[in-house]
Amino acid sequence: MTSEILRAALFHVPRNPFRTPGSLAFHEDAGLLIANGRIAACGDYASVRQSHPDVAVRDLRGGVLLPGFIDTHIHFPQVRILGCLGHGLLEWLQRYTLPEEAKFADVDYARTIANEFVCGLAAHGTTTALVFGSHFAASTAALFEAAQAAGLRIVAGMVLSDRMLLPELHQSPEKAYRDSTRLIRDFHGTGRLLYAVTPRFALSCSDAILEVCGALLRENPGVRFQTHLNESRAEVKEVARLFPRDADYLAVYERHGLAGRHSVFAHNVQTTDAELERMAANRCSTSHCPGSNAALGSGILPMRRHLARGVHFALGTDVGGGIGFGMLKEGLQAYLLQRLTPDGFPLAAEHLLYLATLAGAEALGLERETGDFSEGKSADVVYVRAPRNSSLAAVMRNAPSAEHLLSAIFTVADASCIEQVWVEGRPVKI
Ligand code: GUN
Ligand code: ZN
């Protein structure tokens with residue numbers, strides 16, 4: 001049995017702070033005991049040490065331990081189009097995104113980007129991610145292989161569409177079924193990999209291919225589901241035109257049995273109360289991607305309406321419509337956008353850390369496995385340490401309270417402050 005105690009300051013949020021305010025757990029001098037890749041104890045260093053006097057200690061004082069970040073919405077084939085600013089969703093897709101994604105017909109190109117992608121996740125402290133693969137089976141397999149080699153936990157799927165994109169990105173419903181079934185067989189439940197059925201969005205999917213998605217979910221218990229929903233006004237209008245018999249956007253997915261406990265809908269900015277009520281009843285989640293929503297001018301998440309109806313939400317970066325891989329930056333964006341909207345929710349540091357960690361695990365049905373430092377969970381850990389002479393170093397020296405320290409980390413820390421990352425107790429190369 002391999003055991004180690006990590007000694008440093010430590011934060012985690014083991015309960016939902018929207019329901020239970022004051023859920024932030026902080027230890028100025030913590031001991032985090034890891035045994036065989038699991039959390040065996042988490043508390044003040046002195047007491048953890050006293051109970052485990054023979055276990056080796058890694059002294060990391062001067063920095064802060066956090067649970068590994070969980071990104072609930074990110075696109076693997078969009079690494080190289082980050083930063084294409086100045087357009088709304090549909091124009092951005094046509095101009096930059098779809099041509100880039102067509103390149104993934106070439107599996108060698110896909111392998112190169114898969115490495116850039118997993119490096120991007122790890123370097124920013126993301127240990128678990130729900131990922132849109134590519135429209136091609138072989139390059140989606142390359143993503144799974146790269147994540148497995150890096151040791152990251154990903155839930156991903158081949159992107160399905162049969163209309164309105166570039167012709168080379170379309171599959172027939174039969175091919176969508178065949179390729180997805182093979183990928184599920186090859187990767188779902190292998191190590192830390194899980195599969196998610198992934199239609200791109202209702203705009204690019206006929207009823208026939210959405211029907212295939214429903215069949216894949218029914219035939220493969222445990223497989224997750226992800227897509228886009230209610231992102232921009234123009235998109236919602238177009239979906240209403242294409243599906244005139246459905247009462248709203250969510251109804252298109254519901255009709256095919258796609259809105260369940262393991263369904264994560266990216267954005268949901270332009271939502272209605274009727275949709276929110278049904279999402280809550282079906283226990284689906286929203287992936288909130290505030291950086292992307294601002295960059296593409298999509299709108300601001302109605303967070304209070306999500307909370308009032310009881311719809312779960314967690315954070316996603318939405319690389320490459322978003323602003324990068326950083327989940328800390330994403331948390332800050334969520335805070336800033338809520339500040340800017342008249343009915344915004346006043347997010348505090350505990351909400352930001354919850355949204356970047358445990359909330360994501362809950363959205364993915366992985367809350368027993370990861371998301372905080374409760375005993376028995378996987379030791380998915382990020383070590384944040386301010387580089388010498390950085391603004392974070394200055395703030396950390398002066399933080400008047402634990403809350404201030406954590407909100408300062410969300411405000412000014414970036415990838416240069418992520419010094420070490422572990423998944424299931426194993427260091428990840430960053
Ligand atoms: N809707 C359909 N495809 C996409 C995409 O790639 N990014 C975003 N943000 N929205 C989408
Ligand atoms: Zn997206």
# chains A, B, ... in the order shown; residues from 1 in each chain; ligands from 1
>>> residues_near_ligand(ligand="ligand 1", cutoff="7 Å", atoms="only C-alpha atoms and all ligand atoms", output="PyMOL selection string")
chain A and resi 75+89+93+97+200-201+228+231+292+318+321
>>> write_last_selection(atoms="N, CA and C atoms", output="PDB file, in the first residue's frame")
ATOM      1  N   HIS A  75     -14.455  21.459 -26.235  1.00  0.00           N
ATOM      2  CA  HIS A  75     -14.374  20.808 -27.552  1.00  0.00           C
ATOM      3  C   HIS A  75     -12.917  20.498 -27.882  1.00  0.00           C
ATOM      4  N   LEU A  89     -22.526  33.184 -32.523  1.00  0.00           N
ATOM      5  CA  LEU A  89     -22.356  31.730 -32.619  1.00  0.00           C
ATOM      6  C   LEU A  89     -22.386  31.192 -34.053  1.00  0.00           C
ATOM      7  N   LEU A  93     -19.237  29.615 -36.096  1.00  0.00           N
ATOM      8  CA  LEU A  93     -19.177  28.211 -36.527  1.00  0.00           C
ATOM      9  C   LEU A  93     -18.792  28.117 -38.006  1.00  0.00           C
ATOM     10  N   THR A  97     -14.924  27.447 -37.072  1.00  0.00           N
ATOM     11  CA  THR A  97     -15.005  26.193 -36.323  1.00  0.00           C
ATOM     12  C   THR A  97     -15.165  24.985 -37.233  1.00  0.00           C
ATOM     13  N   ARG A 200     -24.408  17.236 -31.994  1.00  0.00           N
ATOM     14  CA  ARG A 200     -23.835  18.587 -31.866  1.00  0.00           C
ATOM     15  C   ARG A 200     -24.866  19.583 -31.324  1.00  0.00           C
ATOM     16  N   PHE A 201     -25.973  19.733 -31.996  1.00  0.00           N
ATOM     17  CA  PHE A 201     -27.137  20.489 -31.509  1.00  0.00           C
ATOM     18  C   PHE A 201     -28.297  20.216 -32.454  1.00  0.00           C
ATOM     19  N   HIS A 228     -25.731  20.883 -27.044  1.00  0.00           N
ATOM     20  CA  HIS A 228     -25.934  22.316 -26.786  1.00  0.00           C
ATOM     21  C   HIS A 228     -27.430  22.605 -26.709  1.00  0.00           C
ATOM     22  N   GLU A 231     -28.444  28.422 -26.701  1.00  0.00           N
ATOM     23  CA  GLU A 231     -27.227  29.228 -26.545  1.00  0.00           C
ATOM     24  C   GLU A 231     -27.442  30.655 -27.045  1.00  0.00           C
ATOM     25  N   SER A 292     -17.404  31.904 -22.832  1.00  0.00           N
ATOM     26  CA  SER A 292     -17.931  31.721 -24.182  1.00  0.00           C
ATOM     27  C   SER A 292     -19.170  32.585 -24.398  1.00  0.00           C
ATOM     28  N   ASP A 318     -15.834  25.671 -22.607  1.00  0.00           N
ATOM     29  CA  ASP A 318     -16.223  25.764 -24.016  1.00  0.00           C
ATOM     30  C   ASP A 318     -15.067  26.208 -24.926  1.00  0.00           C
ATOM     31  N   GLY A 321     -14.939  28.258 -28.336  1.00  0.00           N
ATOM     32  CA  GLY A 321     -15.761  29.472 -28.308  1.00  0.00           C
ATOM     33  C   GLY A 321     -15.441  30.282 -27.073  1.00  0.00           C
TER      34      GLY A 321
END
>>> residues_around(residues="Arg385 in chain A", least_positions_apart="3", cutoff="10 Å", atoms="only C-alpha atoms", output="PDB file with N, CA and C atoms, in the first residue's frame")
ATOM      1  N   LEU A  60       4.389  20.794   1.352  1.00  0.00           N
ATOM      2  CA  LEU A  60       4.041  21.720   0.269  1.00  0.00           C
ATOM      3  C   LEU A  60       3.586  23.062   0.834  1.00  0.00           C
ATOM      4  N   ARG A  61       3.996  23.365   2.044  1.00  0.00           N
ATOM      5  CA  ARG A  61       3.573  24.627   2.638  1.00  0.00           C
ATOM      6  C   ARG A  61       4.033  25.799   1.772  1.00  0.00           C
ATOM      7  N   GLY A  62       3.207  26.830   1.739  1.00  0.00           N
ATOM      8  CA  GLY A  62       3.501  27.969   0.839  1.00  0.00           C
ATOM      9  C   GLY A  62       2.538  27.984  -0.338  1.00  0.00           C
ATOM     10  N   GLY A  63       1.863  26.862  -0.560  1.00  0.00           N
ATOM     11  CA  GLY A  63       0.857  26.805  -1.627  1.00  0.00           C
ATOM     12  C   GLY A  63      -0.457  26.262  -1.094  1.00  0.00           C
ATOM     13  N   VAL A  64      -1.389  26.018  -2.000  1.00  0.00           N
ATOM     14  CA  VAL A  64      -2.745  25.643  -1.620  1.00  0.00           C
ATOM     15  C   VAL A  64      -3.181  24.406  -2.402  1.00  0.00           C
ATOM     16  N   LEU A  65      -3.752  23.435  -1.700  1.00  0.00           N
ATOM     17  CA  LEU A  65      -4.315  22.240  -2.357  1.00  0.00           C
ATOM     18  C   LEU A  65      -5.807  22.452  -2.619  1.00  0.00           C
ATOM     19  N   VAL A 382      -5.101  19.441  -7.135  1.00  0.00           N
ATOM     20  CA  VAL A 382      -4.325  20.498  -7.795  1.00  0.00           C
ATOM     21  C   VAL A 382      -3.549  21.255  -6.725  1.00  0.00           C
ATOM     22  N   ARG A 388       7.214  33.293  -7.626  1.00  0.00           N
ATOM     23  CA  ARG A 388       7.840  34.398  -6.889  1.00  0.00           C
ATOM     24  C   ARG A 388       7.603  35.728  -7.634  1.00  0.00           C
ATOM     25  N   LEU A 392      -0.190  37.133  -7.458  1.00  0.00           N
ATOM     26  CA  LEU A 392      -0.812  36.194  -6.520  1.00  0.00           C
ATOM     27  C   LEU A 392       0.027  36.061  -5.246  1.00  0.00           C
ATOM     28  N   ALA A 393       1.360  36.059  -5.405  1.00  0.00           N
ATOM     29  CA  ALA A 393       2.227  35.943  -4.219  1.00  0.00           C
ATOM     30  C   ALA A 393       1.978  37.116  -3.269  1.00  0.00           C
ATOM     31  N   MET A 396      -1.415  36.655  -1.619  1.00  0.00           N
ATOM     32  CA  MET A 396      -1.459  35.542  -0.662  1.00  0.00           C
ATOM     33  C   MET A 396      -0.809  35.918   0.663  1.00  0.00           C
ATOM     34  N   ILE A 409      -7.334  33.723  -5.482  1.00  0.00           N
ATOM     35  CA  ILE A 409      -6.852  32.663  -6.383  1.00  0.00           C
ATOM     36  C   ILE A 409      -7.695  32.660  -7.661  1.00  0.00           C
ATOM     37  N   ALA A 413      -4.951  33.892 -10.266  1.00  0.00           N
ATOM     38  CA  ALA A 413      -4.103  32.724 -10.589  1.00  0.00           C
ATOM     39  C   ALA A 413      -4.346  32.270 -12.027  1.00  0.00           C
ATOM     40  N   SER A 416       0.340  29.443 -14.764  1.00  0.00           N
ATOM     41  CA  SER A 416       1.693  29.534 -14.193  1.00  0.00           C
ATOM     42  C   SER A 416       1.675  29.225 -12.691  1.00  0.00           C
ATOM     43  N   CYS A 417       0.498  29.263 -12.086  1.00  0.00           N
ATOM     44  CA  CYS A 417       0.375  28.995 -10.645  1.00  0.00           C
ATOM     45  C   CYS A 417      -0.005  27.547 -10.349  1.00  0.00           C
ATOM     46  N   ILE A 418      -0.256  26.761 -11.380  1.00  0.00           N
ATOM     47  CA  ILE A 418      -0.608  25.342 -11.167  1.00  0.00           C
ATOM     48  C   ILE A 418       0.707  24.566 -11.162  1.00  0.00           C
ATOM     49  N   GLU A 419       1.142  24.171  -9.965  1.00  0.00           N
ATOM     50  CA  GLU A 419       2.481  23.589  -9.880  1.00  0.00           C
ATOM     51  C   GLU A 419       2.472  22.076  -9.994  1.00  0.00           C
ATOM     52  N   GLN A 420       1.440  21.440  -9.446  1.00  0.00           N
ATOM     53  CA  GLN A 420       1.373  19.976  -9.553  1.00  0.00           C
ATOM     54  C   GLN A 420      -0.080  19.543  -9.653  1.00  0.00           C
TER      55      GLN A 420
END
>>> residues_near_ligand(ligand="ligand 2", cutoff="12 Å", atoms="only C-alpha atoms and all ligand atoms", output="MDAnalysis selection string")
chainID A and resid 71:78 89:90 92:93 97 130:133 159 198:201 226:232 264:268 286:293 296 298 316:322
>>> select_by_dssp(residues="range 52-255 of chain A", states="alpha helix (DSSP H)", output="PyMOL selection string")
chain A and resi 89-92+98-102+107-123+137-150+173-187+207-219+233-242+249-254
>>> closest_residue(among="A:Met158, A:Leu82, A:Met303, A:Ala408", to="Gly120 in chain A", atoms="only C-alpha atoms")
A:Leu82
>>> atom_distance(atom1="CA of Arg163 in chain A", atom2="CA of Ser204 in chain A")
4.9 Å
>>> residues_around(residues="Ile39 in chain A", least_positions_apart="5", cutoff="7 Å", atoms="only C-alpha atoms", output="VMD selection string")
chain A and resid 33 to 34 373 to 379
